[in-house]
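Okay, target26.txt is below, compact mmCIF, C-alpha atoms:
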# COMPACT_ATOMS: atom_id res chain seq x y z
CA MET A 1 -5.67 22.19 10.40
CA VAL A 2 -2.95 19.52 10.45
CA LYS A 3 -1.41 18.60 13.80
CA ILE A 4 1.76 16.52 14.22
CA GLU A 5 2.68 15.21 17.66
CA LYS A 6 4.86 12.58 19.31
CA VAL A 7 2.96 9.61 20.80
CA ASP A 8 3.65 6.23 22.39
CA TYR A 9 2.03 3.64 20.13
CA HIS A 10 1.86 0.25 21.89
CA GLY A 11 5.45 0.46 23.11
CA TRP A 12 6.95 2.34 20.17
CA LYS A 13 7.55 5.43 22.27
CA ASN A 14 8.72 7.85 19.58
CA SER A 15 5.91 7.49 17.06
CA CYS A 16 4.49 10.47 15.16
CA ARG A 17 0.75 11.09 14.92
CA VAL A 18 -0.56 13.24 12.06
CA SER A 19 -4.21 14.32 12.15
CA ASN A 20 -6.55 16.94 10.75
CA GLY A 21 -9.63 16.24 12.88
CA LYS A 22 -11.11 13.87 10.27
CA ILE A 23 -8.39 11.27 9.77
CA GLU A 24 -5.30 10.23 11.68
CA LEU A 25 -2.04 8.53 10.72
CA ILE A 26 0.68 7.18 13.02
CA ALA A 27 4.21 6.51 11.77
CA LEU A 28 6.96 4.63 13.59
CA THR A 29 10.39 6.17 14.09
CA ASP A 30 11.80 3.51 16.44
CA ALA A 31 11.80 1.16 13.42
CA GLY A 32 10.71 1.36 9.81
CA PRO A 33 9.83 3.36 7.86
CA ARG A 34 6.33 2.12 8.69
CA ILE A 35 2.96 3.83 8.85
CA ILE A 36 1.41 1.64 11.51
CA HIS A 37 -2.06 3.22 11.87
CA PHE A 38 -4.49 4.95 9.52
CA GLY A 39 -8.21 5.63 9.67
CA PHE A 40 -10.84 8.07 10.80
CA ASP A 41 -9.77 10.23 13.73
CA GLY A 42 -10.58 8.26 16.87
CA GLY A 43 -11.81 5.29 14.79
CA LYS A 44 -10.49 1.82 14.13
CA ASN A 45 -7.16 1.12 12.50
CA MET A 46 -7.58 0.10 8.86
CA PHE A 47 -4.16 -1.60 9.04
CA PHE A 48 -3.22 -4.94 10.54
CA VAL A 49 -0.71 -4.78 13.40
CA ASP A 50 1.10 -7.98 14.43
CA PRO A 51 0.55 -8.32 18.20
CA ALA A 52 3.72 -10.41 18.50
CA THR A 53 5.93 -7.48 17.45
CA LEU A 54 4.33 -4.57 19.35
CA GLY A 55 7.09 -2.25 20.50
CA TYR A 56 9.79 -4.43 18.92
CA THR A 57 13.05 -2.84 17.70
CA GLY A 58 16.48 -4.10 16.67
CA GLY A 59 17.60 -7.51 15.49
CA GLU A 60 18.68 -8.94 12.15
CA GLU A 61 15.45 -10.75 11.22
CA TRP A 62 12.82 -9.06 9.05
CA LYS A 63 9.52 -8.56 10.91
CA VAL A 64 6.02 -8.21 9.47
CA TYR A 65 4.98 -5.57 12.04
CA GLY A 66 1.95 -4.69 9.90
CA GLY A 67 0.94 -1.22 8.75
CA HIS A 68 2.21 0.27 5.51
CA ARG A 69 5.74 -0.24 4.20
CA LEU A 70 7.93 0.53 1.18
CA TRP A 71 9.73 -2.20 -0.75
CA HIS A 72 11.35 -2.39 -4.18
CA ALA A 73 10.29 -4.95 -6.77
CA PRO A 74 10.69 -7.55 -8.17
CA GLU A 75 10.50 -9.66 -5.02
CA ASN A 76 13.59 -11.63 -4.12
CA ASP A 77 14.81 -13.23 -0.93
CA PRO A 78 17.05 -12.00 0.70
CA ARG A 79 17.14 -8.65 -1.17
CA THR A 80 13.50 -7.73 -0.56
CA TYR A 81 13.46 -8.79 3.09
CA TYR A 82 15.98 -6.27 4.39
CA PRO A 83 15.16 -5.86 8.12
CA ASP A 84 13.69 -2.44 8.93
CA ASN A 85 14.18 -2.74 12.69
CA ASP A 86 16.41 0.28 13.33
CA PRO A 87 15.45 3.88 14.23
CA VAL A 88 14.34 6.17 11.41
CA ALA A 89 15.23 9.85 11.06
CA CYS A 90 12.05 11.90 11.26
CA GLU A 91 11.82 15.48 9.99
CA ILE A 92 8.82 17.79 10.29
CA GLU A 93 8.61 20.60 7.76
CA GLY A 94 5.42 22.54 8.41
CA ASP A 95 2.61 20.07 7.78
CA THR A 96 4.92 17.51 6.14
CA LEU A 97 6.37 14.42 7.84
CA ILE A 98 9.53 12.89 6.33
CA LEU A 99 10.73 9.41 7.35
CA GLN A 100 14.32 8.60 6.36
CA PRO A 101 16.13 5.40 7.36
CA GLU A 102 19.76 4.76 6.49
CA ALA A 103 20.44 3.21 3.09
CA GLU A 104 20.14 -0.57 2.99
CA THR A 105 23.64 -1.98 3.46
CA THR A 106 22.99 -5.01 1.23
CA THR A 107 21.34 -3.21 -1.70
CA GLY A 108 22.52 0.41 -1.53
CA ILE A 109 18.92 1.62 -1.84
CA LYS A 110 17.74 4.43 0.45
CA LYS A 111 14.01 4.58 1.23
CA GLU A 112 11.93 7.63 2.17
CA ILE A 113 8.27 8.02 2.98
CA ILE A 114 6.88 11.56 2.91
CA VAL A 115 3.43 12.30 4.34
CA ARG A 116 1.36 15.36 3.39
CA MET A 117 -2.12 15.43 4.92
CA HIS A 118 -4.90 17.63 3.53
CA PRO A 119 -5.76 20.32 6.11
CA GLU A 120 -9.51 19.68 5.97
CA GLU A 121 -10.47 16.61 3.92
CA ALA A 122 -10.18 12.90 4.72
CA ARG A 123 -7.16 12.28 2.51
CA VAL A 124 -3.38 12.23 2.63
CA ASP A 125 -0.60 12.06 0.03
CA VAL A 126 2.00 9.39 0.76
CA GLU A 127 5.14 9.77 -1.35
CA HIS A 128 7.50 6.80 -1.67
CA ARG A 129 11.04 7.64 -2.76
CA LEU A 130 13.87 5.21 -3.59
CA THR A 131 17.40 6.57 -4.10
CA ASN A 132 20.31 4.61 -5.56
CA THR A 133 23.43 5.20 -3.41
CA ASN A 134 25.51 2.65 -5.35
CA LEU A 135 28.18 3.46 -7.94
CA TRP A 136 26.24 1.55 -10.59
CA THR A 137 22.78 1.67 -12.15
CA VAL A 138 20.03 -0.42 -10.55
CA GLU A 139 16.72 -1.48 -12.11
CA LEU A 140 13.78 -1.66 -9.72
CA ALA A 141 10.21 -0.57 -9.15
CA PRO A 142 8.82 1.19 -6.06
CA TRP A 143 6.38 -1.06 -4.26
CA ALA A 144 3.91 0.34 -1.70
CA LEU A 145 2.31 -2.32 0.53
CA SER A 146 -0.59 -1.66 2.90
CA VAL A 147 -1.25 -4.55 5.28
CA MET A 148 -4.98 -4.33 5.94
CA ALA A 149 -6.81 -5.42 9.11
CA PRO A 150 -8.72 -8.73 8.98
CA GLY A 151 -12.37 -9.09 8.08
CA GLY A 152 -12.55 -6.76 5.07
CA ARG A 153 -12.83 -6.93 1.29
CA ALA A 154 -10.49 -5.62 -1.41
CA ILE A 155 -12.08 -4.03 -4.50
CA ILE A 156 -10.19 -3.66 -7.79
CA PRO A 157 -11.67 -2.10 -10.97
CA LEU A 158 -11.38 -4.06 -14.20
CA PRO A 159 -10.64 -2.51 -17.63
CA PRO A 160 -13.46 -0.86 -19.62
CA LYS A 161 -15.82 -3.24 -21.37
CA GLY A 162 -16.24 -3.48 -25.14
CA THR A 163 -18.05 -5.57 -27.73
CA HIS A 164 -17.13 -8.24 -30.25
CA PRO A 165 -16.14 -8.04 -33.09
CA GLU A 166 -15.41 -4.31 -32.62
CA HIS A 167 -12.70 -5.04 -30.01
CA LEU A 168 -10.46 -7.87 -31.17
CA LEU A 169 -7.36 -7.28 -29.00
CA PRO A 170 -7.03 -7.71 -25.21
CA ASN A 171 -7.16 -4.62 -23.01
CA GLY A 172 -6.12 -6.01 -19.61
CA ASN A 173 -4.04 -8.63 -17.86
CA ILE A 174 -4.09 -10.63 -14.64
CA THR A 175 -1.01 -12.30 -13.15
CA LEU A 176 -1.40 -15.51 -11.13
CA TRP A 177 0.99 -17.10 -8.64
CA ALA A 178 1.59 -20.83 -8.26
CA TYR A 179 -0.67 -20.92 -5.19
CA THR A 180 -3.49 -18.80 -6.69
CA ASP A 181 -6.77 -20.70 -6.76
CA MET A 182 -9.37 -18.85 -8.83
CA ALA A 183 -12.05 -21.18 -7.44
CA ASP A 184 -11.31 -20.12 -3.85
CA PRO A 185 -14.53 -18.57 -2.43
CA ARG A 186 -12.61 -15.52 -1.20
CA TRP A 187 -12.39 -14.35 -4.83
CA ARG A 188 -15.36 -12.88 -6.64
CA TRP A 189 -14.81 -12.15 -10.31
CA GLY A 190 -17.40 -9.53 -11.23
CA THR A 191 -18.22 -7.75 -14.48
CA ASN A 192 -16.49 -4.48 -13.65
CA PHE A 193 -14.65 -5.28 -10.40
CA VAL A 194 -12.68 -8.06 -8.75
CA PHE A 195 -13.22 -8.68 -5.01
CA LEU A 196 -11.02 -10.55 -2.54
CA ASP A 197 -12.23 -11.21 1.01
CA GLN A 198 -9.97 -11.60 4.02
CA ASP A 199 -11.07 -14.70 5.94
CA GLU A 200 -9.39 -15.61 9.24
CA SER A 201 -10.62 -19.21 8.86
CA ALA A 202 -9.01 -19.76 5.45
CA ALA A 203 -5.85 -21.84 5.57
CA ASN A 204 -4.22 -21.16 2.20
CA PRO A 205 -2.80 -17.81 1.00
CA GLN A 206 -4.00 -16.21 -2.23
CA LYS A 207 -2.36 -13.69 -4.55
CA ALA A 208 -3.06 -12.10 -7.93
CA GLY A 209 -1.84 -9.03 -9.80
CA PHE A 210 -3.70 -6.64 -12.11
CA PHE A 211 -2.92 -3.74 -14.39
CA VAL A 212 -5.42 -1.15 -13.18
CA GLU A 213 -5.62 1.63 -15.76
CA LYS A 214 -8.02 3.65 -13.58
CA GLY A 215 -5.44 3.97 -10.80
CA ARG A 216 -7.67 2.88 -7.92
CA ALA A 217 -7.65 0.16 -5.27
CA ALA A 218 -9.93 -0.07 -2.23
CA TYR A 219 -10.56 -2.01 0.96
CA GLN A 220 -13.85 -2.03 2.85
CA ASN A 221 -13.93 -3.12 6.48
CA GLY A 222 -17.33 -2.64 8.09
CA GLU A 223 -18.53 0.91 7.48
CA ASP A 224 -15.06 2.23 6.63
CA VAL A 225 -13.71 2.31 3.08
CA PHE A 226 -10.01 2.94 2.40
CA ILE A 227 -9.21 4.03 -1.17
CA LYS A 228 -5.85 4.40 -2.86
CA HIS A 229 -5.41 6.74 -5.82
CA PHE A 230 -2.22 6.38 -7.88
CA ARG A 231 -0.88 7.32 -11.30
CA THR A 232 -0.54 4.76 -14.09
CA GLU A 233 1.82 4.99 -17.04
CA LYS A 234 0.58 3.45 -20.26
CA GLY A 235 3.32 1.72 -22.21
CA ALA A 236 5.67 1.52 -19.21
CA LYS A 237 7.12 -1.80 -18.08
CA TYR A 238 5.85 -2.98 -14.69
CA PRO A 239 7.04 -5.92 -12.56
CA ASP A 240 5.46 -9.36 -12.25
CA ARG A 241 4.34 -9.65 -15.88
CA ASN A 242 3.23 -6.02 -16.10
CA VAL A 243 0.91 -5.37 -13.15
CA ASN A 244 0.59 -2.27 -10.98
CA VAL A 245 -1.76 -3.63 -8.28
CA GLU A 246 -1.34 -6.83 -6.29
CA LEU A 247 -3.56 -8.48 -3.70
CA PHE A 248 -2.27 -10.98 -1.16
CA THR A 249 -4.18 -12.53 1.71
CA ASN A 250 -3.73 -15.18 4.37
CA ALA A 251 -5.50 -16.03 7.62
CA GLU A 252 -4.12 -12.92 9.38
CA MET A 253 -4.47 -10.02 6.95
CA LEU A 254 -4.80 -8.76 3.38
CA GLU A 255 -2.19 -6.74 1.50
CA LEU A 256 -3.33 -3.96 -0.85
CA GLU A 257 -0.25 -3.22 -2.94
CA THR A 258 0.56 -0.77 -5.75
CA LEU A 259 3.70 -0.63 -7.89
CA GLY A 260 5.43 1.93 -10.04
CA PRO A 261 7.12 1.11 -13.36
CA LEU A 262 10.44 -0.70 -13.53
CA THR A 263 13.08 2.02 -13.77
CA SER A 264 16.84 2.04 -14.32
CA ILE A 265 18.12 4.38 -11.62
CA ALA A 266 21.56 5.89 -12.13
CA PRO A 267 23.86 6.45 -9.14
CA GLY A 268 22.59 9.27 -6.94
CA LYS A 269 19.20 9.38 -8.69
CA SER A 270 15.74 8.62 -7.30
CA VAL A 271 12.36 7.28 -8.35
CA VAL A 272 9.08 8.36 -6.75
CA HIS A 273 5.72 6.60 -6.45
CA THR A 274 2.87 8.52 -4.79
CA GLU A 275 -0.41 7.22 -3.42
CA THR A 276 -3.28 9.39 -2.22
CA TRP A 277 -5.20 7.71 0.59
CA GLN A 278 -8.85 8.59 1.11
CA MET A 279 -11.35 7.48 3.73
CA GLN A 280 -15.08 7.12 3.05
CA ARG A 281 -17.90 5.73 5.14
CA THR A 282 -20.87 3.56 4.18
CA THR A 283 -23.57 1.80 6.19
CA ASN A 284 -23.29 -1.65 4.62
CA ALA A 285 -21.51 -3.70 1.98
CA LEU A 286 -21.07 -1.61 -1.13
CA THR A 287 -23.68 -2.32 -3.79
CA LYS A 288 -22.97 -2.40 -7.52
CA GLU A 289 -24.47 1.08 -7.75
CA GLU A 290 -22.35 2.49 -4.91
CA ILE A 291 -18.96 1.06 -5.91
CA PRO A 292 -18.19 3.51 -8.74
CA ASP A 293 -19.04 6.47 -6.52
CA PHE A 294 -16.67 5.29 -3.80
CA VAL A 295 -13.83 3.68 -5.70
CA LEU A 296 -13.68 5.57 -9.00
CA GLN A 297 -14.41 9.13 -7.92
CA LYS A 298 -11.74 11.69 -8.75
CA ILE A 299 -9.99 13.87 -6.22
CA THR A 300 -9.96 17.52 -7.19
Can you present the structure in this file as structure tokens?
Amino acid sequence: MVKIEKVDYHGWKNSCRVSNGKIELIALTDAGPRIIHFGFDGGKNMFFVDPATLGYTGGEEWKVYGGHRLWHAPENDPRTYYPDNDPVACEIEGDTLILQPEAETTTGIKKEIIVRMHPEEARVDVEHRLTNTNLWTVELAPWALSVMAPGGRAIIPLPPKGTHPEHLLPNGNITLWAYTDMADPRWRWGTNFVFLDQDESAANPQKAGFFVEKGRAAYQNGEDVFIKHFRTEKGAKYPDRNVNVELFTNAEMLELETLGPLTSIAPGKSVVHTETWQMQRTTNALTKEEIPDFVLQKIT
């Protein structure tokens, strides 16, 4: 059974905790919308939380905070970095939590995050909605960013393998940033998966984007494995040279990001991008044999 209650989370006094006895999620309402905590019930937080901003509200400067946030792509400063420091309207409809800030004054885009936790299983649907409140059409893509706690490893499935000369055309793409170093030891380019480690001793950031047809992205931290399930649209146009998953890491954290297609949104219309989050547990680093069972399994 799903339980929703008000809690004080490290100084954010009006936070909402959603739990079903197996997993728990805590969302901020004093600022945001942010989901600041997610993991097994009573277990560690899979998300990074910036200790410098605990309990912080107000101000005109964008803050990292940590946790999970909703942006709209492509990235641009200052448009992307609209400060989410003000209180968020929070509605509870049965077992559903709805987080609704005011529309962004500089972009006219209104964000919503809607949480629907499974009553018994270790999974939750997180719906990301962007609404255009302008009088003109806006092109954008919903962008869901989970800021993961340090010390873990991201796991991204690669496209299906084929043989030559039977398969002459490419079936996947990877986008690199100017600071991406494919020789950096945090990357591991495997046969069927790409891995990126978070290393608190590494000085330089890393980022890469992927089109993940299988609609999966995962992060393992110790025994806990966080898995995102999301829908992909073949033939749609995605941001950043057509990628729907992006990984970013620095010395503090790792971001596990998914994107929806670029969409022209008419005035008053919305676009929705939904992730299903699932928690699994293992006793050690995932082996080649275990990875498909954890990362690629379907939710029924």
Item checked: Of the listed residues A:Trp177, A:Trp277, A:Phe193, A:Trp136, that which approaches Ile156 of chain A most closely, counting only C-alpha atoms -> A:Phe193
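The coordinates place atom CA of Leu259 of chain A at 10.3 Å from atom CA of Leu140 of chain A.
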Notebook entry, point to check: Counting all atoms listed in the file, what is within 9 Å of Arg123 of chain A, bar same-chain residues fewer than 2 positions away, as a PyMOL selection string?
Noted result: chain A and resi 22-23+117-121+125+276-279
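Distance check against Val194 of chain A using all atoms listed in the file: of A:Ala218, A:Leu158, A:Leu247, A:Tyr179, the minimum falls on A:Leu158.
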Note to self: My list of candidates is A:Gly108, A:Gly66, A:Pro142, A:Gly11. Which is closest to Gly268 of chain A when distances are computed with all atoms listed in the file?
What the structure shows: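 Result for the nearest residue to Gly268 of chain A: A:Gly108.
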Checklist line | Non-local contacts of Lys234 of chain A (12 Å; only C-alpha atoms; under 4 positions in same chain excluded) as an NGL selection string | finding: :A and (171-172 or 211-215 or 238 or 242-244 or 260-261)
Checklist line | Residues within 9 Å of Arg129 of chain A, only C-alpha atoms, excluding chain neighbours under 6 positions, as a count of residues only | finding: 12
Next item on the list: For each of A:Thr191, A:Asn221, A:Thr232, A:Gln198, take the minimum atom-to-atom distance to Glu255 of chain A, counting only C-alpha atoms, then give the residue where this is smallest.
Entry: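 Using only C-alpha atoms, Glu255 of chain A sits closest to A:Gln198.
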Check: Nearest to Ser19 of chain A among A:Ala52, A:Ala122, A:Ile291, A:Ile109, with distances taken over only C-alpha atoms: which residue is it?
Finding: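 Closest candidate: A:Ala122.
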Notebook entry, point to check: Interatomic distance between atom CA of Thr163 of chain A and atom CA of Leu296 of chain A?
Noted result: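 Spanning atom CA of Thr163 of chain A to atom CA of Leu296 of chain A is a straight-line distance of 22.2 Å.
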Next item on the list: Could you check which of A:Gly190, A:Ala202, A:Leu254, A:Gly58 is closest to Ala154 of chain A, using only C-alpha atoms?
Entry: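 Among the listed residues, A:Leu254 lies closest to Ala154 of chain A.
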Centre, edges in Å (one decimal): axis-aligned box, segment 102-115 of chain A, 5 Å padding on all six sides, as JSON:
{"center_x": 13.5, "center_y": 3.6, "center_z": 2.3, "size_x": 30.2, "size_y": 27.3, "size_z": 18.3}
Notebook entry, point to check: atom CA of Leu28 of chain A and atom CA of Pro87 of chain A, how far apart in Å?
Noted result: 8.5 Å
Next item on the list: Select, counting only C-alpha atoms, all protein, DNA and RNA residues no farther than 12 Å from (15.8, -3.6, 13.0) in file coordinates, and express the selection as a list of chain:residue names.
Entry: A:Thr29, A:Asp30, A:Ala31, A:Gly32, A:Pro33, A:Arg34, A:Thr53, A:Gly55, A:Tyr56, A:Thr57, A:Gly58, A:Gly59, A:Glu60, A:Glu61, A:Trp62, A:Lys63, A:Val64, A:Tyr65, A:Tyr81, A:Tyr82, A:Pro83, A:Asp84, A:Asn85, A:Asp86, A:Pro87, A:Val88, A:Pro101, A:Glu102, A:Glu104
